[in-house]
file upload.cif (mmCIF, C-alpha atoms (C1' of nucleotides))
data_input
loop_
_atom_site.label_atom_id
_atom_site.label_comp_id
_atom_site.auth_asym_id
_atom_site.auth_seq_id
_atom_site.Cartn_x
_atom_site.Cartn_y
_atom_site.Cartn_z
CA MET A 1 -54.75 -28.97 119.23
CA LEU A 2 -53.46 -32.52 118.77
CA SER A 3 -53.43 -35.69 120.79
CA LEU A 4 -50.90 -38.51 120.83
CA ASN A 5 -51.51 -42.19 121.32
CA TYR A 6 -48.47 -43.97 122.73
CA ARG A 7 -50.18 -47.37 122.44
CA ASP A 8 -50.53 -46.84 118.70
CA GLY A 9 -47.67 -48.50 116.88
CA ARG A 10 -47.24 -45.50 114.58
CA PRO A 11 -44.26 -43.21 115.27
CA ILE A 12 -45.00 -39.94 117.05
CA TYR A 13 -43.79 -37.78 114.18
CA GLU A 14 -46.28 -39.53 111.85
CA GLN A 15 -49.12 -38.96 114.29
CA VAL A 16 -48.20 -35.28 114.49
CA ARG A 17 -47.93 -34.98 110.69
CA ASP A 18 -51.24 -36.76 110.09
CA GLY A 19 -52.93 -34.69 112.78
CA LEU A 20 -51.72 -31.43 111.28
CA ARG A 21 -52.71 -32.56 107.79
CA ARG A 22 -56.17 -33.29 109.10
CA LEU A 23 -56.42 -29.83 110.68
CA ILE A 24 -55.51 -28.34 107.31
CA ILE A 25 -57.93 -30.32 105.13
CA THR A 26 -60.77 -29.76 107.58
CA GLY A 27 -60.17 -26.02 107.38
CA ALA A 28 -59.22 -25.70 111.04
CA ILE A 29 -55.92 -24.26 109.79
CA PRO A 30 -56.60 -22.12 106.70
CA PRO A 31 -53.96 -21.79 103.95
CA GLY A 32 -51.38 -19.15 104.86
CA ASP A 33 -51.91 -19.52 108.60
CA LYS A 34 -48.92 -20.13 110.79
CA LEU A 35 -48.46 -23.48 112.46
CA PRO A 36 -47.17 -23.56 116.04
CA SER A 37 -43.40 -23.26 116.33
CA VAL A 38 -41.49 -26.49 116.72
CA ARG A 39 -40.56 -25.57 120.26
CA ALA A 40 -44.06 -24.46 121.27
CA MET A 41 -45.70 -27.57 119.90
CA ALA A 42 -43.02 -29.76 121.47
CA GLY A 43 -43.79 -28.12 124.78
CA GLN A 44 -47.54 -28.59 124.44
CA LEU A 45 -47.18 -32.27 123.54
CA ALA A 46 -44.33 -32.80 126.02
CA ILE A 47 -42.06 -34.31 123.39
CA ASN A 48 -38.74 -33.42 121.80
CA PRO A 49 -38.55 -30.49 119.33
CA ASN A 50 -36.61 -32.71 116.92
CA THR A 51 -39.66 -34.96 116.61
CA ILE A 52 -41.86 -32.00 115.68
CA GLN A 53 -39.37 -30.80 113.12
CA ARG A 54 -39.38 -34.22 111.54
CA ALA A 55 -43.16 -34.03 111.25
CA TYR A 56 -42.90 -30.58 109.65
CA GLU A 57 -40.31 -31.84 107.16
CA SER A 58 -42.61 -34.65 106.12
CA LEU A 59 -45.60 -32.29 105.86
CA GLU A 60 -43.49 -29.95 103.74
CA GLN A 61 -42.46 -32.80 101.43
CA GLU A 62 -46.14 -33.54 100.85
CA GLY A 63 -46.69 -29.89 100.01
CA TYR A 64 -49.17 -29.24 102.82
CA ALA A 65 -46.86 -26.70 104.47
CA TYR A 66 -43.81 -24.56 103.78
CA SER A 67 -41.20 -23.29 106.21
CA VAL A 68 -39.48 -19.90 106.29
CA PRO A 69 -36.35 -19.75 108.50
CA GLY A 70 -36.79 -17.14 111.18
CA LYS A 71 -40.50 -16.74 110.54
CA GLY A 72 -42.25 -20.05 110.93
CA CYS A 73 -44.08 -22.89 109.21
CA PHE A 74 -47.27 -22.11 107.29
CA ALA A 75 -50.16 -24.05 105.77
CA ALA A 76 -49.94 -24.15 101.97
CA LEU A 77 -52.67 -23.92 99.34
CA PRO A 78 -54.43 -27.09 98.12
CA GLN A 79 -52.88 -26.58 94.66
CA ASP A 80 -49.42 -26.66 96.24
CA VAL A 81 -49.89 -30.24 97.45
CA SER A 82 -47.55 -32.56 95.56
CA GLY A 83 -48.75 -34.76 92.73
CA ARG A 84 -47.15 -37.71 94.51
CA ARG A 85 -49.57 -37.24 97.39
CA ARG A 86 -52.53 -37.24 94.99
CA GLU A 87 -51.30 -40.39 93.25
CA GLU A 88 -50.70 -42.09 96.59
CA LEU A 89 -54.24 -41.29 97.71
CA LEU A 90 -55.77 -42.61 94.48
CA ARG A 91 -53.66 -45.76 94.75
CA GLN A 92 -54.87 -46.35 98.30
CA LEU A 93 -58.42 -45.60 97.21
CA ASP A 94 -58.32 -48.28 94.50
CA ALA A 95 -57.00 -50.89 96.93
CA ILE A 96 -59.63 -50.08 99.55
CA LEU A 97 -62.53 -50.13 97.10
CA GLN A 98 -61.34 -53.45 95.70
CA GLU A 99 -61.13 -55.01 99.15
CA LEU A 100 -64.52 -53.61 100.17
CA ALA A 101 -66.01 -55.09 96.99
CA TYR A 102 -64.52 -58.47 97.91
CA LEU A 103 -66.11 -58.18 101.35
CA GLY A 104 -69.51 -57.63 99.74
CA VAL A 105 -69.88 -53.90 100.40
CA SER A 106 -71.89 -52.56 97.48
CA TRP A 107 -71.12 -49.39 95.57
CA GLU A 108 -74.46 -47.95 96.68
CA GLU A 109 -73.47 -48.40 100.31
CA ILE A 110 -70.21 -46.58 99.74
CA GLU A 111 -71.93 -43.80 97.82
CA THR A 112 -74.55 -43.33 100.51
CA ARG A 113 -71.90 -43.36 103.22
CA SER A 114 -69.71 -40.77 101.51
CA ARG A 115 -72.70 -38.47 100.95
CA ARG A 116 -73.60 -38.76 104.63
CA GLU A 117 -70.05 -37.93 105.66
CA GLN A 118 -69.98 -34.96 103.31
CA ALA A 119 -73.28 -33.64 104.67
CA GLN A 120 -71.99 -34.04 108.21
CA ARG A 121 -68.91 -31.99 107.42
CA ASP A 122 -71.01 -29.32 105.69
CA LYS A 123 -73.21 -29.05 108.76
CA GLU A 124 -70.26 -28.77 111.15
CA GLY A 125 -68.12 -26.46 109.08
CA MET B 11 -45.89 -65.44 94.08
CA LEU B 12 -44.82 -62.37 96.05
CA SER B 13 -42.10 -59.78 95.79
CA LEU B 14 -40.37 -57.81 98.53
CA ASN B 15 -39.10 -54.26 98.43
CA TYR B 16 -36.26 -53.69 100.85
CA ARG B 17 -36.17 -49.97 100.04
CA ASP B 18 -39.75 -49.66 101.21
CA GLY B 19 -39.85 -48.56 104.81
CA ARG B 20 -42.57 -51.07 105.61
CA PRO B 21 -41.54 -54.18 107.58
CA ILE B 22 -41.17 -57.40 105.59
CA TYR B 23 -43.90 -59.22 107.51
CA GLU B 24 -46.36 -56.47 106.58
CA GLN B 25 -45.40 -56.67 102.91
CA VAL B 26 -45.93 -60.43 103.00
CA ARG B 27 -49.27 -60.08 104.78
CA ASP B 28 -50.51 -57.37 102.40
CA GLY B 29 -49.32 -59.34 99.40
CA LEU B 30 -51.13 -62.48 100.52
CA ARG B 31 -54.28 -60.49 101.31
CA ARG B 32 -54.15 -59.07 97.82
CA LEU B 33 -53.81 -62.56 96.30
CA ILE B 34 -56.90 -63.58 98.26
CA ILE B 35 -59.15 -60.64 97.38
CA THR B 36 -58.16 -60.84 93.71
CA GLY B 37 -59.17 -64.49 93.68
CA ALA B 38 -55.66 -65.73 92.94
CA ILE B 39 -55.99 -67.76 96.14
CA PRO B 40 -59.60 -69.00 96.45
CA PRO B 41 -61.18 -69.56 99.89
CA GLY B 42 -60.19 -72.91 101.33
CA ASP B 43 -56.97 -73.14 99.35
CA LYS B 44 -53.76 -73.82 101.22
CA LEU B 45 -51.17 -71.10 101.51
CA PRO B 46 -47.49 -72.06 101.16
CA SER B 47 -45.96 -73.44 104.35
CA VAL B 48 -44.00 -71.00 106.45
CA ARG B 49 -40.76 -72.80 105.61
CA ALA B 50 -41.48 -73.07 101.88
CA MET B 51 -42.41 -69.41 101.56
CA ALA B 52 -39.42 -68.39 103.67
CA GLY B 53 -37.21 -70.34 101.29
CA GLN B 54 -38.74 -68.77 98.19
CA LEU B 55 -38.37 -65.24 99.54
CA ALA B 56 -35.00 -66.01 101.14
CA ILE B 57 -36.07 -64.73 104.53
CA ASN B 58 -36.53 -66.19 108.01
CA PRO B 59 -39.49 -68.53 108.68
CA ASN B 60 -40.29 -66.54 111.82
CA THR B 61 -41.04 -63.51 109.66
CA ILE B 62 -43.50 -65.51 107.54
CA GLN B 63 -45.20 -66.85 110.64
CA ARG B 64 -45.65 -63.33 111.90
CA ALA B 65 -47.33 -62.40 108.61
CA TYR B 66 -49.63 -65.42 108.90
CA GLU B 67 -50.55 -64.50 112.48
CA SER B 68 -51.51 -61.00 111.35
CA LEU B 69 -53.48 -62.33 108.39
CA GLU B 70 -55.27 -64.73 110.74
CA GLN B 71 -56.16 -61.91 113.12
CA GLU B 72 -57.79 -60.08 110.23
CA GLY B 73 -59.76 -63.20 109.42
CA TYR B 74 -58.36 -63.67 105.94
CA ALA B 75 -56.77 -67.00 106.85
CA TYR B 76 -56.89 -69.73 109.48
CA SER B 77 -54.15 -72.10 110.57
CA VAL B 78 -54.43 -75.78 111.48
CA PRO B 79 -51.39 -77.20 113.30
CA GLY B 80 -49.87 -80.05 111.36
CA LYS B 81 -51.91 -79.29 108.22
CA GLY B 82 -51.23 -75.74 107.09
CA CYS B 83 -52.63 -72.24 106.68
CA PHE B 84 -55.71 -71.74 104.51
CA ALA B 85 -57.56 -68.83 102.91
CA ALA B 86 -60.83 -68.08 104.71
CA LEU B 87 -64.22 -67.03 103.32
CA PRO B 88 -65.04 -63.34 102.84
CA GLN B 89 -67.68 -63.58 105.56
CA ASP B 90 -65.01 -64.78 108.00
CA VAL B 91 -63.09 -61.51 107.71
CA SER B 92 -63.28 -59.63 111.00
CA GLY B 93 -65.60 -56.69 111.51
CA ARG B 94 -62.61 -54.70 112.73
CA ARG B 95 -61.04 -54.99 109.30
CA ARG B 96 -64.26 -53.72 107.65
CA GLU B 97 -64.45 -50.79 110.05
CA GLU B 98 -60.79 -49.98 109.50
CA LEU B 99 -61.31 -49.93 105.73
CA LEU B 100 -64.35 -47.66 105.97
CA ARG B 101 -62.46 -45.35 108.31
CA GLN B 102 -59.57 -45.10 105.86
CA LEU B 103 -62.03 -44.61 103.01
CA ASP B 104 -63.63 -41.63 104.74
CA ALA B 105 -60.27 -39.99 105.38
CA ILE B 106 -59.10 -40.49 101.79
CA LEU B 107 -62.32 -39.17 100.25
CA GLN B 108 -62.21 -36.13 102.52
CA GLU B 109 -58.63 -35.36 101.55
CA LEU B 110 -59.32 -35.89 97.84
CA ALA B 111 -62.27 -33.52 98.12
CA TYR B 112 -59.99 -30.91 99.71
CA LEU B 113 -57.58 -31.37 96.82
CA GLY B 114 -60.37 -30.65 94.37
CA VAL B 115 -60.97 -34.15 93.06
CA SER B 116 -64.67 -34.32 92.25
CA TRP B 117 -66.96 -37.18 93.13
CA GLU B 118 -67.60 -37.79 89.44
CA GLU B 119 -63.88 -38.30 88.87
CA ILE B 120 -63.72 -40.84 91.69
CA GLU B 121 -66.83 -42.61 90.44
CA THR B 122 -65.50 -42.80 86.90
CA ARG B 123 -62.15 -44.03 88.12
CA SER B 124 -63.59 -46.76 90.31
CA ARG B 125 -65.80 -47.98 87.47
CA ARG B 126 -62.79 -48.13 85.16
CA GLU B 127 -60.82 -50.10 87.75
CA GLN B 128 -63.72 -52.47 88.26
CA ALA B 129 -64.09 -53.05 84.51
CA GLN B 130 -60.35 -53.68 84.24
CA ARG B 131 -60.53 -56.34 86.95
CA ASP B 132 -63.57 -57.96 85.31
CA LYS B 133 -61.71 -58.15 82.01
CA GLU B 134 -58.62 -59.67 83.61
CA GLY B 135 -60.35 -62.06 85.99
"C1'" DT C 7 -44.19 -97.59 112.50
"C1'" DT C 8 -41.26 -94.43 110.34
"C1'" DA C 9 -40.05 -90.28 108.17
"C1'" DA C 10 -41.13 -85.93 106.49
"C1'" DC C 11 -44.01 -82.29 106.77
"C1'" DT C 12 -47.04 -78.85 109.30
"C1'" DG C 13 -47.87 -74.80 112.70
"C1'" DT C 14 -46.16 -73.05 116.93
"C1'" DA C 15 -43.20 -71.46 120.70
"C1'" DC C 16 -39.32 -70.28 122.63
"C1'" DT C 17 -34.17 -67.91 123.41
"C1'" DA C 18 -30.52 -65.04 121.85
"C1'" DT C 19 -28.44 -61.67 118.92
"C1'" DA C 20 -27.83 -58.13 115.43
"C1'" DT C 21 -29.60 -54.18 113.07
"C1'" DG C 22 -32.24 -50.14 112.03
"C1'" DT C 23 -35.63 -46.74 113.39
"C1'" DT C 24 -37.41 -43.75 116.61
"C1'" DC C 25 -36.96 -40.58 120.26
"C1'" DT C 26 -34.51 -37.88 123.45
"C1'" DA C 27 -30.89 -34.58 124.96
"C1'" DG C 28 -27.93 -31.07 124.09
"C1'" DT C 29 -25.73 -27.58 121.38
"C1'" DA C 30 -25.26 -24.36 117.79
"C1'" DC C 31 -26.10 -21.02 113.84
"C1'" DA C 32 -28.44 -17.71 110.78
"C1'" DA C 33 -32.69 -15.18 109.84
"C1'" DT C 34 -36.62 -12.71 111.64
"C1'" DT C 35 -39.19 -9.96 114.90
"C1'" DA C 36 -40.41 -6.90 118.79
"C1'" DT D 4 -30.56 -5.82 121.79
"C1'" DA D 5 -33.11 -9.74 123.08
"C1'" DA D 6 -36.24 -13.22 122.00
"C1'" DT D 7 -38.11 -16.17 118.61
"C1'" DT D 8 -37.90 -18.72 114.37
"C1'" DG D 9 -36.35 -22.88 111.33
"C1'" DT D 10 -32.45 -25.80 110.75
"C1'" DA D 11 -28.45 -28.83 111.46
"C1'" DC D 12 -25.66 -31.39 113.84
"C1'" DT D 13 -23.75 -35.27 117.59
"C1'" DA D 14 -24.52 -38.82 120.96
"C1'" DG D 15 -27.05 -42.20 123.34
"C1'" DA D 16 -31.26 -44.72 125.00
"C1'" DA D 17 -35.24 -47.40 123.80
"C1'" DC D 18 -37.81 -50.08 120.82
"C1'" DA D 19 -39.19 -52.85 116.70
"C1'" DT D 20 -37.67 -55.80 113.26
"C1'" DA D 21 -35.27 -59.66 111.40
"C1'" DT D 22 -32.27 -63.52 111.86
"C1'" DA D 23 -30.49 -67.95 113.77
"C1'" DG D 24 -31.18 -71.90 116.17
"C1'" DT D 25 -33.76 -75.30 118.69
"C1'" DA D 26 -37.72 -77.75 120.08
"C1'" DC D 27 -42.44 -79.86 120.41
"C1'" DA D 28 -46.90 -81.78 118.97
"C1'" DG D 29 -50.09 -82.83 115.23
"C1'" DT D 30 -50.61 -84.51 110.39
"C1'" DT D 31 -49.51 -87.08 106.32
"C1'" DA D 32 -47.70 -90.47 103.37
"C1'" DA D 33 -44.42 -94.12 102.58
#
call {"tool": "encode", "arguments": {"input": "upload.cif", "output": "structure tokens"}}
result
Amino acid sequence: MLSLNYRDGRPIYEQVRDGLRRLIITGAIPPGDKLPSVRAMAGQLAINPNTIQRAYESLEQEGYAYSVPGKGCFAALPQDVSGRRREELLRQLDAILQELAYLGVSWEEIETRSRREQAQRDKEG
Amino acid sequence: MLSLNYRDGRPIYEQVRDGLRRLIITGAIPPGDKLPSVRAMAGQLAINPNTIQRAYESLEQEGYAYSVPGKGCFAALPQDVSGRRREELLRQLDAILQELAYLGVSWEEIETRSRREQAQRDKEG
DNA sequence: TTAACTGTACTATATGTTCTAGTACAATTA
DNA sequence: TAATTGTACTAGAACATATAGTACAGTTAA
């Protein structure tokens, strides 16, 4: 389901959170579906359950998931994602586009690339 | 010239590096211009010179600057920026656009936004 | 030449984050 | 009842970050 990279400088709980977020936005985990339990996922990845819980907390803060004690952790709806997350993404987008412009990457290139990526995802999903 | 945020979880050397990169891509520091010496900048920001040097090393790895022992550290040309940095930016761009699409942000919105940002920078610079 | 500056390279130490280990509790489910 | 769930702690190990101090070689200007 997920893979960890111990060479990567990023903390494990961030890798888990980002991996789960990716599974959600790609549709691999549809809204309402249950995520693996903290203990099950910790077992699969051979890491500590506390680390998984930390990832779930972070994912819940972003609004991508919600936890119900005794039941489990579930993927939320896109409209439940926090406004802070949206703003953060747009802020990062501005910075990246500005830097790419400085490096001479034209808007047409970016447009073409994004269309290609979108088509690829449509074909796969 | 730069400002640090100690609440921010990001390490100081990354904040310095990102801040300097931003000054370069905005044109505040033109290619060929000398960056402040590690000791001068450490004094201004009231931090350790080793931390500044680490930021310079990272900036040099990206290709945004080059150091000459005895002379100083200088802003490089856009074409000197490493291909790895370009690839990293495009990778991040893809991920952000995919997530924004999941969140229901249309391509027209993004296009309009980026044009507005570009116009704002043209007006300022 | 001298003196002050530059980047660079170390060692040592303190601090904070991350991760692990273990335990425990209340709610849910079979 | 028994197993599973999220959650909340404590304690300690391991690692990254930042500081402090020293040192060396190249450059620059007095």
call {"tool": "resolve_selection", "arguments": {"input": "upload.cif", "expression": "the PyMOL selection byres ((chain A) within 9 of (chain B))", "output": "PyMOL selection string"}}
result
chain A and resi 22+25-26+78-79+81+86+89-90+92-104+110+113-114+117-118
call {"tool": "atom_distance", "arguments": {"input": "upload.cif", "atom1": "atom CA of A:Gly19", "atom2": "atom CA of A:Ser3"}}
result
8.1 Å
call {"tool": "calpha_fit_and_write", "arguments": {"input": "upload.cif", "fixed": "chain A", "moving": "chain B", "output": "CSV table (one decimal) with C-alpha atoms, in the frame of the given file"}}
result
chain,number,residue,atom,x,y,z
B,11,MET,CA,-54.7,-28.9,119.2
B,12,LEU,CA,-53.5,-32.5,118.7
B,13,SER,CA,-53.4,-35.7,120.8
B,14,LEU,CA,-50.9,-38.5,120.8
B,15,ASN,CA,-51.5,-42.2,121.3
B,16,TYR,CA,-48.5,-44.0,122.7
B,17,ARG,CA,-50.3,-47.3,122.4
B,18,ASP,CA,-50.6,-46.8,118.7
B,19,GLY,CA,-47.7,-48.5,116.9
B,20,ARG,CA,-47.3,-45.5,114.6
B,21,PRO,CA,-44.3,-43.2,115.3
B,22,ILE,CA,-45.0,-39.9,117.1
B,23,TYR,CA,-43.8,-37.8,114.2
B,24,GLU,CA,-46.3,-39.5,111.9
B,25,GLN,CA,-49.2,-38.9,114.3
B,26,VAL,CA,-48.2,-35.3,114.5
B,27,ARG,CA,-47.9,-35.0,110.7
B,28,ASP,CA,-51.3,-36.7,110.1
B,29,GLY,CA,-52.9,-34.7,112.8
B,30,LEU,CA,-51.7,-31.4,111.3
B,31,ARG,CA,-52.7,-32.5,107.8
B,32,ARG,CA,-56.2,-33.3,109.1
B,33,LEU,CA,-56.4,-29.8,110.7
B,34,ILE,CA,-55.5,-28.3,107.3
B,35,ILE,CA,-57.9,-30.3,105.1
B,36,THR,CA,-60.8,-29.7,107.6
B,37,GLY,CA,-60.1,-26.0,107.4
B,38,ALA,CA,-59.2,-25.7,111.0
B,39,ILE,CA,-55.9,-24.3,109.8
B,40,PRO,CA,-56.6,-22.1,106.7
B,41,PRO,CA,-53.9,-21.8,103.9
B,42,GLY,CA,-51.3,-19.2,104.8
B,43,ASP,CA,-51.9,-19.5,108.6
B,44,LYS,CA,-48.9,-20.1,110.8
B,45,LEU,CA,-48.4,-23.5,112.4
B,46,PRO,CA,-47.2,-23.5,116.0
B,47,SER,CA,-43.4,-23.3,116.3
B,48,VAL,CA,-41.5,-26.5,116.7
B,49,ARG,CA,-40.6,-25.6,120.3
B,50,ALA,CA,-44.1,-24.4,121.3
B,51,MET,CA,-45.7,-27.5,119.9
B,52,ALA,CA,-43.0,-29.7,121.5
B,53,GLY,CA,-43.8,-28.1,124.8
B,54,GLN,CA,-47.6,-28.6,124.4
B,55,LEU,CA,-47.2,-32.3,123.5
B,56,ALA,CA,-44.4,-32.8,126.0
B,57,ILE,CA,-42.1,-34.3,123.4
B,58,ASN,CA,-38.8,-33.4,121.8
B,59,PRO,CA,-38.6,-30.5,119.3
B,60,ASN,CA,-36.6,-32.7,116.9
B,61,THR,CA,-39.7,-35.0,116.6
B,62,ILE,CA,-41.9,-32.0,115.7
B,63,GLN,CA,-39.4,-30.8,113.1
B,64,ARG,CA,-39.4,-34.2,111.5
B,65,ALA,CA,-43.2,-34.0,111.3
B,66,TYR,CA,-42.9,-30.6,109.7
B,67,GLU,CA,-40.3,-31.8,107.2
B,68,SER,CA,-42.6,-34.7,106.1
B,69,LEU,CA,-45.6,-32.3,105.9
B,70,GLU,CA,-43.5,-30.0,103.7
B,71,GLN,CA,-42.5,-32.8,101.4
B,72,GLU,CA,-46.2,-33.5,100.8
B,73,GLY,CA,-46.7,-29.9,100.0
B,74,TYR,CA,-49.2,-29.2,102.8
B,75,ALA,CA,-46.9,-26.7,104.5
B,76,TYR,CA,-43.8,-24.6,103.8
B,77,SER,CA,-41.2,-23.3,106.2
B,78,VAL,CA,-39.4,-19.9,106.2
B,79,PRO,CA,-36.3,-19.8,108.5
B,80,GLY,CA,-36.7,-17.2,111.1
B,81,LYS,CA,-40.4,-16.8,110.5
B,82,GLY,CA,-42.2,-20.1,110.9
B,83,CYS,CA,-44.0,-22.9,109.2
B,84,PHE,CA,-47.2,-22.1,107.3
B,85,ALA,CA,-50.1,-24.0,105.8
B,86,ALA,CA,-49.9,-24.1,102.0
B,87,LEU,CA,-52.7,-23.9,99.3
B,88,PRO,CA,-54.4,-27.1,98.1
B,89,GLN,CA,-52.9,-26.6,94.7
B,90,ASP,CA,-49.4,-26.7,96.2
B,91,VAL,CA,-49.9,-30.2,97.5
B,92,SER,CA,-47.6,-32.5,95.6
B,93,GLY,CA,-48.8,-34.7,92.7
B,94,ARG,CA,-47.2,-37.7,94.5
B,95,ARG,CA,-49.6,-37.2,97.4
B,96,ARG,CA,-52.6,-37.2,95.0
B,97,GLU,CA,-51.3,-40.4,93.3
B,98,GLU,CA,-50.7,-42.1,96.6
B,99,LEU,CA,-54.3,-41.3,97.7
B,100,LEU,CA,-55.8,-42.6,94.5
B,101,ARG,CA,-53.7,-45.7,94.7
B,102,GLN,CA,-54.9,-46.3,98.3
B,103,LEU,CA,-58.4,-45.6,97.2
B,104,ASP,CA,-58.3,-48.3,94.5
B,105,ALA,CA,-57.0,-50.9,96.9
B,106,ILE,CA,-59.6,-50.1,99.6
B,107,LEU,CA,-62.5,-50.1,97.1
B,108,GLN,CA,-61.3,-53.4,95.7
B,109,GLU,CA,-61.1,-55.0,99.1
B,110,LEU,CA,-64.5,-53.6,100.2
B,111,ALA,CA,-66.0,-55.1,97.0
B,112,TYR,CA,-64.5,-58.5,97.8
B,113,LEU,CA,-66.1,-58.2,101.3
B,114,GLY,CA,-69.5,-57.6,99.7
B,115,VAL,CA,-69.9,-53.9,100.4
B,116,SER,CA,-71.9,-52.6,97.4
B,117,TRP,CA,-71.1,-49.4,95.6
B,118,GLU,CA,-74.4,-48.0,96.7
B,119,GLU,CA,-73.5,-48.4,100.3
B,120,ILE,CA,-70.2,-46.6,99.7
B,121,GLU,CA,-71.9,-43.8,97.8
B,122,THR,CA,-74.5,-43.4,100.5
B,123,ARG,CA,-71.9,-43.4,103.2
B,124,SER,CA,-69.7,-40.8,101.5
B,125,ARG,CA,-72.7,-38.5,101.0
B,126,ARG,CA,-73.6,-38.8,104.7
B,127,GLU,CA,-70.0,-38.0,105.7
B,128,GLN,CA,-70.0,-35.0,103.4
B,129,ALA,CA,-73.3,-33.7,104.7
B,130,GLN,CA,-72.0,-34.1,108.3
B,131,ARG,CA,-68.9,-32.0,107.5
B,132,ASP,CA,-71.0,-29.4,105.8
B,133,LYS,CA,-73.2,-29.1,108.8
B,134,GLU,CA,-70.3,-28.8,111.2
B,135,GLY,CA,-68.1,-26.5,109.1
call {"tool": "closest_residue", "arguments": {"input": "upload.cif", "among": "D:DG15, D:DG9, D:DT4, D:DT30", "to": "C:DA27", "atoms": "all atoms listed in the file"}}
result
D:DG15
call {"tool": "atom_distance", "arguments": {"input": "upload.cif", "atom1": "atom CA of A:Arg10", "atom2": "atom C1' of C:DT23"}}
result
11.7 Å
call {"tool": "resolve_selection", "arguments": {"input": "upload.cif", "expression": "the PyMOL selection byres ((chain C and resi 34) around 10)", "output": "short mmCIF file (atom, residue, chain, number, x, y, z; two decimals) with C-alpha atoms (C1' of nucleotides), keeping the file's coordinate frame"}}
result
data_model
loop_
_atom_site.label_atom_id
_atom_site.label_comp_id
_atom_site.auth_asym_id
_atom_site.auth_seq_id
_atom_site.Cartn_x
_atom_site.Cartn_y
_atom_site.Cartn_z
CA VAL A 68 -39.48 -19.90 106.29
CA PRO A 69 -36.35 -19.75 108.50
CA GLY A 70 -36.79 -17.14 111.18
CA LYS A 71 -40.50 -16.74 110.54
CA GLY A 72 -42.25 -20.05 110.93
"C1'" DA C 32 -28.44 -17.71 110.78
"C1'" DA C 33 -32.69 -15.18 109.84
"C1'" DT C 35 -39.19 -9.96 114.90
"C1'" DA C 36 -40.41 -6.90 118.79
"C1'" DT D 7 -38.11 -16.17 118.61
"C1'" DT D 8 -37.90 -18.72 114.37
#
call {"tool": "resolve_selection", "arguments": {"input": "upload.cif", "expression": "the PyMOL selection byres ((chain A) within 12 of (chain C))", "output": "VMD selection string"}}
result
chain A and resid 9 to 14 42 46 to 52 54 68 to 72
call {"tool": "write_last_selection", "arguments": {"input": "upload.cif", "atoms": "C-alpha atoms", "output": "compact mmCIF listing (two decimals), in the frame of the given file"}}
result
# COMPACT_ATOMS: atom_id res chain seq x y z
CA GLY A 9 -47.67 -48.50 116.88
CA ARG A 10 -47.24 -45.50 114.58
CA PRO A 11 -44.26 -43.21 115.27
CA ILE A 12 -45.00 -39.94 117.05
CA TYR A 13 -43.79 -37.78 114.18
CA GLU A 14 -46.28 -39.53 111.85
CA ALA A 42 -43.02 -29.76 121.47
CA ALA A 46 -44.33 -32.80 126.02
CA ILE A 47 -42.06 -34.31 123.39
CA ASN A 48 -38.74 -33.42 121.80
CA PRO A 49 -38.55 -30.49 119.33
CA ASN A 50 -36.61 -32.71 116.92
CA THR A 51 -39.66 -34.96 116.61
CA ILE A 52 -41.86 -32.00 115.68
CA ARG A 54 -39.38 -34.22 111.54
CA VAL A 68 -39.48 -19.90 106.29
CA PRO A 69 -36.35 -19.75 108.50
CA GLY A 70 -36.79 -17.14 111.18
CA LYS A 71 -40.50 -16.74 110.54
CA GLY A 72 -42.25 -20.05 110.93
call {"tool": "atom_distance", "arguments": {"input": "upload.cif", "atom1": "atom CA of B:Arg94", "atom2": "atom CA of B:Ser47"}}
result
26.4 Å
call {"tool": "interface_residues", "arguments": {"input": "upload.cif", "of": "chain D", "to": "chain B", "cutoff": "8 Å", "atoms": "only C-alpha atoms (C1' of nucleotides)", "output": "tab-separated table (two decimals) with C-alpha atoms (C1' of nucleotides), in the frame of the given file"}}
result
chain	number	residue	atom	x	y	z
D	20	DT	C1'	-37.67	-55.80	113.26
D	21	DA	C1'	-35.27	-59.66	111.40
D	22	DT	C1'	-32.27	-63.52	111.86
D	29	DG	C1'	-50.09	-82.83	115.23
D	30	DT	C1'	-50.61	-84.51	110.39
call {"tool": "axis_aligned_box", "arguments": {"input": "upload.cif", "around": "stretch 25-35 of chain C", "padding_each_side": "4 Å", "output": "JSON"}}
result
{"center_x": -32.2, "center_y": -25.3, "center_z": 117.4, "size_x": 21.9, "size_y": 38.6, "size_z": 23.1}
call {"tool": "build_atoms", "arguments": {"input": "upload.cif", "residues": "stretch 93-99 of chain A", "atoms": "N, CA and C atoms", "output": "PDB file, in the frame of the given file"}}
result
ATOM      1  N   LEU A  93     -56.976 -45.534  97.439  1.00  0.00           N
ATOM      2  CA  LEU A  93     -58.420 -45.600  97.210  1.00  0.00           C
ATOM      3  C   LEU A  93     -58.792 -46.847  96.400  1.00  0.00           C
ATOM      4  N   ASP A  94     -58.049 -47.100  95.331  1.00  0.00           N
ATOM      5  CA  ASP A  94     -58.320 -48.280  94.500  1.00  0.00           C
ATOM      6  C   ASP A  94     -58.252 -49.560  95.326  1.00  0.00           C
ATOM      7  N   ALA A  95     -57.188 -49.678  96.137  1.00  0.00           N
ATOM      8  CA  ALA A  95     -57.000 -50.890  96.930  1.00  0.00           C
ATOM      9  C   ALA A  95     -58.139 -51.086  97.927  1.00  0.00           C
ATOM     10  N   ILE A  96     -58.561 -49.987  98.554  1.00  0.00           N
ATOM     11  CA  ILE A  96     -59.630 -50.080  99.550  1.00  0.00           C
ATOM     12  C   ILE A  96     -60.957 -50.458  98.906  1.00  0.00           C
ATOM     13  N   LEU A  97     -61.259 -49.827  97.773  1.00  0.00           N
ATOM     14  CA  LEU A  97     -62.530 -50.130  97.100  1.00  0.00           C
ATOM     15  C   LEU A  97     -62.550 -51.586  96.612  1.00  0.00           C
ATOM     16  N   GLN A  98     -61.400 -52.064  96.152  1.00  0.00           N
ATOM     17  CA  GLN A  98     -61.340 -53.450  95.700  1.00  0.00           C
ATOM     18  C   GLN A  98     -61.578 -54.418  96.850  1.00  0.00           C
ATOM     19  N   GLU A  99     -60.958 -54.116  98.003  1.00  0.00           N
ATOM     20  CA  GLU A  99     -61.130 -55.010  99.150  1.00  0.00           C
ATOM     21  C   GLU A  99     -62.564 -54.948  99.671  1.00  0.00           C
TER      22      GLU A  99
END
